[in-house]
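J.: Supplied structure: query_17.cif, mmCIF, N, CA and C atoms.
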data_final
loop_
_atom_site.label_atom_id
_atom_site.label_comp_id
_atom_site.auth_asym_id
_atom_site.auth_seq_id
_atom_site.Cartn_x
_atom_site.Cartn_y
_atom_site.Cartn_z
N MET A 1 0.83 -1.18 0.00
CA MET A 1 0.00 0.00 0.00
C MET A 1 0.88 1.25 0.00
N GLY A 2 1.69 1.40 1.02
CA GLY A 2 2.54 2.58 1.11
C GLY A 2 3.58 2.61 0.02
N THR A 3 4.14 1.43 -0.30
CA THR A 3 5.17 1.39 -1.32
C THR A 3 4.60 1.74 -2.69
N GLU A 4 3.32 1.41 -2.95
CA GLU A 4 2.69 1.76 -4.22
C GLU A 4 2.60 3.27 -4.39
N ARG A 5 2.56 3.99 -3.31
CA ARG A 5 2.46 5.45 -3.35
C ARG A 5 3.83 6.11 -3.19
N GLY A 6 4.89 5.31 -3.20
CA GLY A 6 6.24 5.85 -3.13
C GLY A 6 6.78 6.08 -1.74
N PHE A 7 6.08 5.62 -0.72
CA PHE A 7 6.56 5.78 0.65
C PHE A 7 7.45 4.61 1.03
N PRO A 8 8.55 4.87 1.73
CA PRO A 8 9.38 3.75 2.20
C PRO A 8 8.65 3.02 3.33
N VAL A 9 8.59 1.69 3.23
CA VAL A 9 7.90 0.88 4.23
C VAL A 9 8.86 -0.20 4.70
N SER A 10 9.04 -0.30 5.99
CA SER A 10 9.94 -1.30 6.57
C SER A 10 9.21 -2.63 6.78
N ASP A 11 9.95 -3.73 6.68
CA ASP A 11 9.39 -5.05 7.01
C ASP A 11 9.40 -5.29 8.51
N VAL A 12 10.01 -4.36 9.27
CA VAL A 12 10.11 -4.54 10.72
C VAL A 12 9.08 -3.64 11.40
N GLY A 13 8.27 -4.27 12.25
CA GLY A 13 7.33 -3.54 13.09
C GLY A 13 7.70 -3.80 14.54
N TYR A 14 7.03 -3.15 15.46
CA TYR A 14 7.39 -3.29 16.86
C TYR A 14 6.14 -3.48 17.73
N PHE A 15 6.26 -4.35 18.71
CA PHE A 15 5.23 -4.54 19.73
C PHE A 15 5.75 -3.91 21.01
N LEU A 16 4.92 -3.10 21.62
CA LEU A 16 5.25 -2.49 22.90
C LEU A 16 4.48 -3.24 23.97
N CYS A 17 5.18 -3.83 24.90
CA CYS A 17 4.57 -4.61 25.97
C CYS A 17 4.80 -3.91 27.31
N CYS A 18 3.72 -3.59 28.00
CA CYS A 18 3.80 -2.91 29.30
C CYS A 18 3.13 -3.79 30.35
N ASN A 19 3.88 -4.26 31.31
CA ASN A 19 3.36 -5.09 32.39
C ASN A 19 3.48 -4.35 33.71
N GLY A 20 2.36 -4.27 34.41
CA GLY A 20 2.38 -3.61 35.71
C GLY A 20 3.27 -4.37 36.68
N LYS A 21 4.02 -3.62 37.47
CA LYS A 21 4.91 -4.24 38.47
C LYS A 21 4.07 -4.68 39.66
N LYS A 22 4.15 -5.97 39.98
CA LYS A 22 3.38 -6.54 41.08
C LYS A 22 4.22 -6.68 42.36
N ASP A 23 5.51 -6.52 42.23
CA ASP A 23 6.39 -6.81 43.36
C ASP A 23 6.74 -5.58 44.20
N LEU A 24 6.09 -4.45 43.94
CA LEU A 24 6.40 -3.25 44.73
C LEU A 24 5.70 -3.32 46.08
N PRO A 25 6.30 -2.76 47.13
CA PRO A 25 5.73 -2.88 48.47
C PRO A 25 4.41 -2.12 48.65
N ALA A 26 4.19 -1.03 47.88
CA ALA A 26 2.97 -0.24 48.07
C ALA A 26 2.57 0.43 46.77
N PHE A 27 1.29 0.71 46.63
CA PHE A 27 0.75 1.37 45.44
C PHE A 27 1.08 2.86 45.46
N GLN A 28 0.80 3.53 46.53
CA GLN A 28 1.09 4.95 46.77
C GLN A 28 0.63 5.87 45.64
N GLY A 29 -0.53 5.54 45.05
CA GLY A 29 -1.12 6.39 44.02
C GLY A 29 -0.36 6.44 42.71
N LYS A 30 0.53 5.48 42.48
CA LYS A 30 1.35 5.52 41.27
C LYS A 30 1.48 4.11 40.70
N LEU A 31 1.20 3.98 39.41
CA LEU A 31 1.40 2.70 38.73
C LEU A 31 2.76 2.71 38.06
N GLU A 32 3.49 1.63 38.22
CA GLU A 32 4.79 1.50 37.56
C GLU A 32 4.76 0.27 36.67
N PHE A 33 5.46 0.36 35.55
CA PHE A 33 5.44 -0.71 34.56
C PHE A 33 6.84 -1.12 34.14
N ASP A 34 6.98 -2.39 33.80
CA ASP A 34 8.14 -2.87 33.06
C ASP A 34 7.76 -2.73 31.59
N VAL A 35 8.59 -2.05 30.81
CA VAL A 35 8.28 -1.79 29.41
C VAL A 35 9.31 -2.50 28.54
N THR A 36 8.82 -3.27 27.58
CA THR A 36 9.70 -4.00 26.66
C THR A 36 9.22 -3.76 25.24
N ILE A 37 10.14 -3.58 24.32
CA ILE A 37 9.83 -3.43 22.90
C ILE A 37 10.35 -4.66 22.18
N PHE A 38 9.46 -5.32 21.42
CA PHE A 38 9.83 -6.51 20.66
C PHE A 38 9.78 -6.19 19.18
N PRO A 39 10.91 -6.31 18.47
CA PRO A 39 10.85 -6.14 17.01
C PRO A 39 10.21 -7.37 16.37
N TYR A 40 9.52 -7.17 15.26
CA TYR A 40 8.89 -8.28 14.54
C TYR A 40 9.07 -8.04 13.05
N LYS A 41 9.68 -9.00 12.38
CA LYS A 41 9.84 -8.88 10.93
C LYS A 41 8.67 -9.59 10.27
N GLY A 42 7.95 -8.86 9.44
CA GLY A 42 6.79 -9.42 8.77
C GLY A 42 6.76 -9.03 7.32
N SER A 43 5.63 -9.30 6.70
CA SER A 43 5.46 -8.98 5.30
C SER A 43 4.07 -8.38 5.11
N ASP A 44 3.98 -7.36 4.29
CA ASP A 44 2.67 -6.77 4.00
C ASP A 44 2.15 -7.23 2.63
N SER A 45 2.76 -8.25 2.06
CA SER A 45 2.39 -8.69 0.72
C SER A 45 0.95 -9.20 0.63
N TRP A 46 0.37 -9.61 1.73
CA TRP A 46 -0.99 -10.15 1.75
C TRP A 46 -2.06 -9.08 1.94
N ILE A 47 -1.67 -7.88 2.34
CA ILE A 47 -2.65 -6.86 2.75
C ILE A 47 -3.50 -6.37 1.58
N ASP A 48 -2.89 -6.06 0.44
CA ASP A 48 -3.64 -5.51 -0.68
C ASP A 48 -4.74 -6.47 -1.14
N ALA A 49 -4.41 -7.74 -1.29
CA ALA A 49 -5.41 -8.73 -1.71
C ALA A 49 -6.51 -8.87 -0.66
N LYS A 50 -6.14 -8.84 0.62
CA LYS A 50 -7.13 -8.97 1.69
C LYS A 50 -8.07 -7.77 1.72
N LEU A 51 -7.56 -6.56 1.49
CA LEU A 51 -8.41 -5.37 1.45
C LEU A 51 -9.42 -5.45 0.31
N HIS A 52 -9.00 -5.96 -0.84
CA HIS A 52 -9.93 -6.14 -1.96
C HIS A 52 -10.99 -7.19 -1.61
N GLU A 53 -10.57 -8.26 -0.95
CA GLU A 53 -11.51 -9.30 -0.51
C GLU A 53 -12.54 -8.73 0.47
N ILE A 54 -12.09 -7.91 1.40
CA ILE A 54 -12.99 -7.28 2.38
C ILE A 54 -13.97 -6.35 1.68
N LYS A 55 -13.47 -5.53 0.74
CA LYS A 55 -14.35 -4.61 0.00
C LYS A 55 -15.40 -5.39 -0.77
N ASP A 56 -15.00 -6.47 -1.45
CA ASP A 56 -15.96 -7.28 -2.20
C ASP A 56 -17.01 -7.88 -1.28
N CYS A 57 -16.61 -8.34 -0.12
CA CYS A 57 -17.53 -8.92 0.85
C CYS A 57 -18.53 -7.87 1.34
N LEU A 58 -18.04 -6.68 1.69
CA LEU A 58 -18.91 -5.62 2.19
C LEU A 58 -19.83 -5.07 1.11
N SER A 59 -19.42 -5.13 -0.16
CA SER A 59 -20.23 -4.63 -1.27
C SER A 59 -21.25 -5.65 -1.76
N SER A 60 -21.11 -6.88 -1.35
CA SER A 60 -21.98 -7.96 -1.82
C SER A 60 -23.37 -7.85 -1.20
N SER A 61 -24.37 -8.29 -1.95
CA SER A 61 -25.74 -8.31 -1.43
C SER A 61 -25.98 -9.56 -0.58
N GLN A 62 -25.07 -10.51 -0.61
CA GLN A 62 -25.19 -11.74 0.16
C GLN A 62 -24.12 -11.77 1.25
N PRO A 63 -24.49 -12.19 2.46
CA PRO A 63 -23.47 -12.30 3.52
C PRO A 63 -22.54 -13.47 3.22
N PRO A 64 -21.35 -13.45 3.78
CA PRO A 64 -20.43 -14.58 3.56
C PRO A 64 -20.95 -15.83 4.28
N GLU A 65 -20.46 -16.97 3.84
CA GLU A 65 -20.82 -18.23 4.50
C GLU A 65 -20.26 -18.21 5.92
N PRO A 66 -20.99 -18.76 6.90
CA PRO A 66 -20.47 -18.82 8.26
C PRO A 66 -19.24 -19.73 8.34
N HIS A 67 -18.38 -19.43 9.28
CA HIS A 67 -17.17 -20.24 9.46
C HIS A 67 -17.17 -20.79 10.88
N GLN A 68 -16.74 -22.03 11.03
CA GLN A 68 -16.82 -22.71 12.33
C GLN A 68 -15.96 -22.08 13.41
N THR A 69 -14.94 -21.32 13.05
CA THR A 69 -14.09 -20.69 14.06
C THR A 69 -14.51 -19.25 14.38
N CYS A 70 -15.57 -18.77 13.74
CA CYS A 70 -16.02 -17.39 13.95
C CYS A 70 -16.97 -17.33 15.14
N ASN A 71 -16.61 -16.56 16.17
CA ASN A 71 -17.46 -16.45 17.37
C ASN A 71 -18.81 -15.82 17.06
N GLN A 72 -18.85 -14.81 16.19
CA GLN A 72 -20.12 -14.17 15.84
C GLN A 72 -21.02 -15.15 15.08
N CYS A 73 -20.45 -15.95 14.19
CA CYS A 73 -21.23 -16.95 13.44
C CYS A 73 -21.80 -17.98 14.40
N ARG A 74 -20.99 -18.43 15.34
CA ARG A 74 -21.44 -19.43 16.31
C ARG A 74 -22.56 -18.86 17.17
N TYR A 75 -22.44 -17.62 17.60
CA TYR A 75 -23.47 -16.96 18.42
C TYR A 75 -24.78 -16.85 17.64
N ARG A 76 -24.70 -16.39 16.39
CA ARG A 76 -25.92 -16.25 15.58
C ARG A 76 -26.59 -17.60 15.37
N ARG A 77 -25.79 -18.65 15.15
CA ARG A 77 -26.37 -19.99 14.95
C ARG A 77 -27.10 -20.44 16.21
N LEU A 78 -26.51 -20.19 17.38
CA LEU A 78 -27.16 -20.57 18.63
C LEU A 78 -28.45 -19.78 18.84
N VAL A 79 -28.44 -18.49 18.54
CA VAL A 79 -29.65 -17.67 18.67
C VAL A 79 -30.72 -18.18 17.71
N ASP A 80 -30.34 -18.46 16.47
CA ASP A 80 -31.30 -18.98 15.50
C ASP A 80 -31.88 -20.31 15.96
N ASP A 81 -31.05 -21.18 16.54
CA ASP A 81 -31.54 -22.46 17.05
C ASP A 81 -32.57 -22.25 18.14
N VAL A 82 -32.33 -21.31 19.04
CA VAL A 82 -33.27 -21.03 20.13
C VAL A 82 -34.57 -20.47 19.57
N ILE A 83 -34.48 -19.57 18.61
CA ILE A 83 -35.68 -18.96 18.03
C ILE A 83 -36.53 -19.99 17.30
N ARG A 84 -35.90 -20.94 16.62
CA ARG A 84 -36.63 -21.95 15.86
C ARG A 84 -37.34 -22.98 16.74
N GLN A 85 -36.88 -23.16 17.96
CA GLN A 85 -37.47 -24.18 18.83
C GLN A 85 -38.89 -23.78 19.22
N GLU A 86 -39.72 -24.81 19.38
CA GLU A 86 -41.07 -24.59 19.90
C GLU A 86 -40.93 -24.17 21.35
N PRO A 87 -41.70 -23.17 21.78
CA PRO A 87 -41.60 -22.75 23.18
C PRO A 87 -41.99 -23.89 24.13
N ASP A 88 -41.20 -24.09 25.12
CA ASP A 88 -41.46 -25.11 26.14
C ASP A 88 -42.38 -24.50 27.19
N GLU A 89 -43.51 -25.16 27.43
CA GLU A 89 -44.51 -24.62 28.35
C GLU A 89 -43.94 -24.39 29.75
N GLU A 90 -43.08 -25.30 30.23
CA GLU A 90 -42.47 -25.12 31.55
C GLU A 90 -41.57 -23.90 31.58
N TRP A 91 -40.84 -23.67 30.49
CA TRP A 91 -39.96 -22.51 30.41
C TRP A 91 -40.78 -21.22 30.44
N ILE A 92 -41.90 -21.20 29.72
CA ILE A 92 -42.74 -20.00 29.70
C ILE A 92 -43.26 -19.71 31.09
N VAL A 93 -43.72 -20.75 31.80
CA VAL A 93 -44.24 -20.56 33.16
C VAL A 93 -43.13 -20.03 34.07
N ALA A 94 -41.94 -20.64 33.97
CA ALA A 94 -40.82 -20.21 34.83
C ALA A 94 -40.42 -18.77 34.51
N ALA A 95 -40.39 -18.40 33.23
CA ALA A 95 -40.01 -17.05 32.85
C ALA A 95 -41.06 -16.04 33.33
N THR A 96 -42.32 -16.42 33.29
CA THR A 96 -43.40 -15.55 33.72
C THR A 96 -43.34 -15.33 35.23
N MET A 97 -42.98 -16.35 35.98
CA MET A 97 -42.92 -16.25 37.43
C MET A 97 -41.79 -15.34 37.90
N ARG A 98 -40.73 -15.20 37.09
CA ARG A 98 -39.59 -14.36 37.46
C ARG A 98 -39.91 -12.87 37.34
N GLN A 99 -40.91 -12.53 36.60
CA GLN A 99 -41.21 -11.11 36.36
C GLN A 99 -41.82 -10.44 37.55
#
Could you express the structure from this file as structure tokens?
T.:
Amino acid sequence: MGTERGFPVSDVGYFLCCNGKKDLPAFQGKLEFDVTIFPYKGSDSWIDAKLHEIKDCLSSSQPPEPHQTCNQCRYRRLVDDVIRQEPDEEWIVAATMRQ
């Protein structure tokens, strides 16, 4: 993306990790952290194709097929299963009594 527009882009990115210090004797209104920077060498070669895939998906009149590892897909399937079930008379009575 950036290289297509003439910008220099590095293959190295950085993760900043901040962990609160637990071993201090007192809080005293101040948080202290151990801070570590981790370099990571990666590639952006997949990004352009993925952005086009995302745009095509969002522009489509049909939603994508659900995927078994997608938490939102799993949640929707469970909600749909509950909605499709015939109401259980005992459940209705119990829900009514809670009100």
J.: Could you state the separation of atom C of A:Asp48 and atom C of A:Pro63 in Å, given to one decimal place?
T.: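 One can read the atom C of A:Asp48 to atom C of A:Pro63 distance as 19.6 Å.
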J.: The PyMOL selection byres ((chain A and resi 41) around 6.5) - which residues does that actually catch in the file I just gave you? List them as a list in words.
T.: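 Output from the PyMOL selection byres ((chain A and resi 41) around 6.5), applied to this file: Asp11, Val12, Gly13, Pro39, Tyr40, Gly42 and Ser43 of chain A.
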J.: Could you please determine the separation between atom CA of A:Glu32 and atom N of A:Gly20 in Å, to one decimal place?
T.: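 Interatomic distance, atom CA of A:Glu32 to atom N of A:Gly20: 7.0 Å.
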J.: Select, from A:Gln62, A:Arg76, A:Lys30, A:Glu4, the residue with the minimum atom-to-atom distance to A:Ser45, counting only C-alpha atoms.
T.: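 Under the stated criterion, the closest residue is A:Glu4.
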J.: DSSP on the backbone: which residues in chain A end up as helix (DSSP H, G or I)? Give the answer as a PyMOL selection string.
T.: chain A and resi 3-5+47-59+71-84+89-98
J.: Calculate how many Å separate atom N of A:Cys17 from atom N of A:Phe38, rounding to one decimal.
T.: 5.7 Å
J.: Go through A:Val35, A:Cys73, A:Leu78, A:Ala49 one by one, measure the shortest atom-to-atom distance of each to A:Asn19 using all atoms listed in the file, and give the residue with the smallest value.
T.: A:Val35
J.: Got a sec: who's within 12 Å of A:Asp23, counting only C-alpha atoms, leaving out chain neighbours fewer than 5 positions off, as an NGL selection string?
T.: :A and (31-34)
J.: Which centre and edge lengths in Å to one decimal define the box along x, y and z that fits every listed atom of stretch 75-83 of chain A plus 8 Å per side, as lines of an AutoDock Vina configuration file?
T.:
center_x = -29.5
center_y = -19.4
center_z = 17.5
size_x = 30.1
size_y = 22.2
size_z = 21.2
J.: Write out as a VMD selection string the residues lying within 6 Å of A:Leu16, counting all atoms listed in the file and excluding same-chain residues fewer than 2 positions away.
T.: chain A and resid 14 18 36 to 38
